[in-house]
$ cat upload_31.txt   # compact mmCIF, C-alpha atoms
# COMPACT_ATOMS: atom_id res chain seq x y z
CA MET L 22 -4.20 24.36 18.25
CA SER L 23 -6.33 27.08 16.67
CA PRO L 24 -8.31 26.25 13.54
CA PRO L 25 -6.31 27.36 10.47
CA ARG L 26 -8.62 30.29 9.67
CA GLU L 27 -8.39 31.65 13.23
CA ARG L 28 -4.68 31.49 13.96
CA PRO L 29 -2.68 34.63 13.23
CA ILE L 30 -0.50 34.88 10.14
CA LEU L 31 3.20 35.57 10.63
CA LEU L 32 4.71 37.26 7.56
CA LEU L 33 8.42 36.43 7.66
CA ASP L 34 11.36 38.08 5.91
CA VAL L 35 14.79 36.46 5.62
CA ASP L 36 17.62 38.99 5.25
CA GLY L 37 18.00 41.12 8.36
CA VAL L 38 15.52 38.90 10.22
CA LEU L 39 16.72 35.30 10.06
CA ASN L 40 19.96 36.10 8.24
CA ALA L 41 22.10 38.71 9.98
CA PRO L 42 25.38 39.72 8.33
CA ARG L 43 28.09 39.17 10.93
CA ARG L 44 31.87 39.17 10.71
CA GLU L 45 32.06 36.74 13.61
CA LEU L 46 29.26 34.35 14.42
CA PRO L 47 27.94 34.30 17.97
CA ASP L 48 28.21 30.96 19.77
CA GLY L 49 25.71 28.45 18.47
CA TRP L 50 24.92 30.26 15.22
CA GLN L 51 24.96 28.34 11.96
CA GLN L 52 25.83 29.39 8.44
CA GLY L 53 25.42 28.11 4.93
CA SER L 54 25.79 29.13 1.31
CA PHE L 55 22.62 29.41 -0.78
CA ASN L 56 22.53 30.56 -4.42
CA GLY L 57 25.98 32.04 -3.89
CA TYR L 58 24.99 34.02 -0.78
CA ARG L 59 26.41 33.28 2.65
CA LEU L 60 23.73 33.33 5.34
CA ALA L 61 24.12 33.18 9.11
CA TRP L 62 21.29 32.48 11.56
CA ASP L 63 20.51 31.62 15.16
CA PRO L 64 18.94 28.13 15.23
CA THR L 65 17.29 28.88 18.59
CA ILE L 66 15.31 31.65 16.89
CA THR L 67 14.21 29.46 13.99
CA ALA L 68 13.32 26.68 16.47
CA ARG L 69 11.00 29.08 18.31
CA LEU L 70 9.41 30.16 15.04
CA ARG L 71 8.91 26.54 14.04
CA GLU L 72 7.31 25.78 17.41
CA LEU L 73 4.94 28.75 17.06
CA HIS L 74 3.91 27.42 13.64
CA GLU L 75 3.66 23.73 14.55
CA SER L 76 1.75 24.43 17.76
CA GLY L 77 -0.86 26.30 15.73
CA ARG L 78 -0.24 29.64 17.42
CA VAL L 79 0.66 31.21 14.04
CA GLU L 80 0.76 30.30 10.39
CA ILE L 81 4.13 31.35 9.01
CA GLN L 82 4.09 32.72 5.47
CA TRP L 83 7.14 33.94 3.56
CA LEU L 84 7.25 37.64 2.60
CA THR L 85 10.80 37.97 1.32
CA THR L 86 12.79 38.76 -1.81
CA TRP L 87 13.97 35.15 -1.58
CA ALA L 88 10.40 34.31 -2.69
CA GLY L 89 10.00 30.56 -3.38
CA ASP L 90 13.71 30.01 -2.77
CA ALA L 91 13.06 30.63 0.93
CA ASP L 92 10.96 27.48 1.05
CA ARG L 93 13.01 25.50 -1.46
CA LEU L 94 16.53 26.36 -0.25
CA LEU L 95 16.39 27.86 3.24
CA ALA L 96 13.56 26.31 5.25
CA GLU L 97 15.06 22.90 6.02
CA PRO L 98 18.66 24.00 6.67
CA MET L 99 17.40 26.76 8.97
CA GLY L 100 15.07 24.40 10.81
CA LEU L 101 11.79 25.81 9.51
CA PRO L 102 8.93 23.81 8.02
CA ARG L 103 8.68 23.36 4.25
CA GLY L 104 5.57 24.09 2.22
CA LEU L 105 4.82 27.50 3.69
CA ARG L 106 2.81 29.95 1.61
CA VAL L 107 5.00 32.43 -0.31
CA HIS L 108 4.16 36.04 -1.15
CA ALA L 109 6.39 37.36 -3.91
CA ARG L 110 6.49 40.23 -6.34
CA ALA L 111 5.43 38.69 -9.63
CA GLY L 112 7.68 38.90 -12.66
CA ALA L 113 10.53 40.78 -11.05
CA ALA L 114 14.13 40.20 -10.16
CA PRO L 115 14.67 39.81 -6.42
CA THR L 116 14.70 43.24 -4.81
CA GLY L 117 12.94 44.60 -1.79
CA PHE L 118 11.78 47.83 -3.37
CA LEU L 119 9.88 48.72 -6.51
CA GLY L 120 11.38 52.19 -6.93
CA VAL L 121 13.56 52.47 -10.03
CA PHE L 122 13.62 48.70 -10.35
CA GLY L 123 9.91 48.40 -10.97
CA GLY L 124 9.28 51.70 -12.71
CA GLY L 125 7.02 52.93 -9.91
CA SER L 126 7.09 54.05 -6.33
CA GLY L 127 6.14 52.13 -3.24
CA TRP L 128 7.27 49.09 -1.37
CA TRP L 129 6.05 45.82 -2.84
CA LYS L 130 5.99 44.12 0.57
CA LEU L 131 3.51 46.68 1.90
CA THR L 132 1.23 45.94 -1.04
CA ALA L 133 1.57 42.20 -0.37
CA ALA L 134 0.84 42.65 3.36
CA GLN L 135 -2.22 44.76 2.53
CA GLU L 136 -3.45 42.02 0.17
CA VAL L 137 -3.00 39.39 2.90
CA ALA L 138 -4.92 41.56 5.38
CA ALA L 139 -7.72 42.19 2.87
CA ALA L 140 -8.00 38.50 2.00
CA GLU L 141 -8.00 37.47 5.69
CA PRO L 142 -9.96 40.26 7.44
CA ASP L 143 -10.62 38.23 10.59
CA ARG L 144 -7.05 37.10 11.20
CA ARG L 145 -4.39 38.97 13.15
CA ILE L 146 -1.04 39.43 11.43
CA VAL L 147 2.51 39.56 12.76
CA TRP L 148 4.84 41.13 10.20
CA ILE L 149 8.56 40.70 10.83
CA ASP L 150 10.85 42.62 8.47
CA ASP L 151 13.99 44.63 9.13
CA ASP L 152 12.95 47.20 6.49
CA LEU L 153 9.78 48.17 8.37
CA ALA L 154 11.64 50.88 10.29
CA GLU L 155 12.99 52.39 7.06
CA GLN L 156 9.58 52.21 5.40
CA ALA L 157 7.70 53.88 8.27
CA ASP L 158 6.53 56.77 6.07
CA ASP L 159 4.89 54.34 3.65
CA THR L 160 3.55 51.88 6.21
CA GLY L 161 2.62 54.18 9.10
CA ASP L 162 -0.87 55.23 8.04
CA TRP L 163 -1.91 51.71 7.07
CA LEU L 164 -0.55 50.19 10.27
CA ALA L 165 -2.17 52.87 12.43
CA ALA L 166 -5.51 51.95 10.86
CA ASN L 167 -4.93 48.21 11.44
CA PRO L 168 -4.42 47.43 15.13
CA ARG L 169 -4.70 43.71 14.30
CA VAL L 170 -1.22 43.95 12.70
CA LEU L 171 1.85 43.74 14.93
CA VAL L 172 5.10 44.81 13.29
CA VAL L 173 8.56 43.79 14.42
CA ALA L 174 11.56 45.48 12.79
CA PRO L 175 14.78 43.73 13.78
CA ASP L 176 18.12 45.45 13.40
CA LEU L 177 19.64 44.30 10.10
CA TYR L 178 22.96 43.44 11.76
CA VAL L 179 21.42 41.61 14.72
CA GLY L 180 18.42 39.83 13.25
CA LEU L 181 15.33 38.69 15.13
CA THR L 182 15.97 38.40 18.87
CA HIS L 183 14.45 36.33 21.64
CA GLU L 184 13.19 39.56 23.24
CA GLN L 185 11.31 40.38 20.05
CA LEU L 186 9.86 36.87 19.92
CA ASP L 187 8.81 37.29 23.56
CA ARG L 188 6.91 40.41 22.47
CA VAL L 189 5.25 38.46 19.64
CA GLU L 190 4.23 35.66 22.01
CA GLU L 191 2.84 38.17 24.51
CA TRP L 192 0.79 39.85 21.73
CA LEU L 193 -0.50 36.47 20.60
CA GLY L 194 -1.78 35.85 24.14

$ encode --input "upload_31.txt" --output "structure tokens"
Amino acid sequence: MSPPRERPILLLDVDGVLNAPRRELPDGWQQGSFNGYRLAWDPTITARLRELHESGRVEIQWLTTWAGDADRLLAEPMGLPRGLRVHARAGAAPTGFLGVFGGGSGWWKLTAAQEVAAAEPDRRIVWIDDDLAEQADDTGDWLAANPRVLVVAPDLYVGLTHEQLDRVEEWLG
């Protein structure tokens, strides 16, 4: 296990990553209702994430509009550890974008990821968020300048896949 300050950080989104909207659940998937929202996830994916965290290969941190609710409501049912650090947009209703909702432009998650990277300049970062592909114009320059950041952008309707986790594990070494 790597010392806490050396292991990479894994910034984890929920919707479109763990939760994939599906009409029919694939075999083995689970679902639940949280705060009035129906979520569906692949427990083999969350088990791999948990193993990466518990083995010390990464430190999972929430970067999601679910904010503290991810830890409070979703972690245990989805098979993830509780007590993970949460990065949230302060004083705002849950939404992924500032835009008209925040009175300014920009993507709040990019700002949060930049703050994590600035606070932890010696740690590598894995950032998993389905919106990364849509936000390429905003994130591209920063990511190009930060080769210590690996981004994974799952398809919203598929969620994080084992192939993508294989890529993460390969990058981790």

$ closest_residue --input "upload_31.txt" --among "L:Asp151, L:Asp34, L:Glu191, L:Asp143" --to "Asp176 of chain L" --atoms "all atoms listed in the file"
L:Asp151

$ residues_around --input "upload_31.txt" --residues "Asn167 of chain L" --least-positions-apart "4" --cutoff "12 Å" --atoms "only C-alpha atoms" --output "PyMOL selection string"
chain L and resi 134-135+138-139+142-147+160-163+171-172

$ closest_residue --input "upload_31.txt" --among "L:Asn56, L:Lys130, L:Asp150, L:Leu181" --to "Arg93 of chain L" --atoms "all atoms listed in the file"
L:Asn56

$ residues_near_point --input "upload_31.txt" --point "(14.1, 25.4, 7.9)" --cutoff "9 Å" --atoms "only C-alpha atoms" --output "PyMOL selection string"
chain L and resi 67-68+71+91-92+94-103

$ closest_residue --input "upload_31.txt" --among "L:His183, L:Arg110, L:Arg188, L:Arg78" --to "Leu39 of chain L" --atoms "all atoms listed in the file"
L:His183

$ residues_around --input "upload_31.txt" --residues "Ile81 of chain L" --least-positions-apart "5" --cutoff "10 Å" --atoms "all atoms listed in the file" --output "PDB file with C-alpha atoms, in the coordinates of the input"
ATOM      1  CA  PRO L  29      -2.680  34.630  13.230  1.00  0.00           C
ATOM      2  CA  ILE L  30      -0.500  34.880  10.140  1.00  0.00           C
ATOM      3  CA  LEU L  31       3.200  35.570  10.630  1.00  0.00           C
ATOM      4  CA  LEU L  32       4.710  37.260   7.560  1.00  0.00           C
ATOM      5  CA  LEU L  33       8.420  36.430   7.660  1.00  0.00           C
ATOM      6  CA  LEU L  70       9.410  30.160  15.040  1.00  0.00           C
ATOM      7  CA  ARG L  71       8.910  26.540  14.040  1.00  0.00           C
ATOM      8  CA  LEU L  73       4.940  28.750  17.060  1.00  0.00           C
ATOM      9  CA  HIS L  74       3.910  27.420  13.640  1.00  0.00           C
ATOM     10  CA  GLU L  75       3.660  23.730  14.550  1.00  0.00           C
ATOM     11  CA  LEU L 101      11.790  25.810   9.510  1.00  0.00           C
ATOM     12  CA  PRO L 102       8.930  23.810   8.020  1.00  0.00           C
ATOM     13  CA  LEU L 105       4.820  27.500   3.690  1.00  0.00           C
ATOM     14  CA  ARG L 106       2.810  29.950   1.610  1.00  0.00           C
ATOM     15  CA  VAL L 107       5.000  32.430  -0.310  1.00  0.00           C
ATOM     16  CA  ILE L 146      -1.040  39.430  11.430  1.00  0.00           C
ATOM     17  CA  VAL L 147       2.510  39.560  12.760  1.00  0.00           C
ATOM     18  CA  TRP L 148       4.840  41.130  10.200  1.00  0.00           C
TER      19      TRP L 148
END

$ atom_distance --input "upload_31.txt" --atom1 "atom CA of Val137 of chain L" --atom2 "atom CA of Glu80 of chain L"
12.4 Å

$ atom_distance --input "upload_31.txt" --atom1 "atom CA of Pro42 of chain L" --atom2 "atom CA of Tyr178 of chain L"
5.6 Å
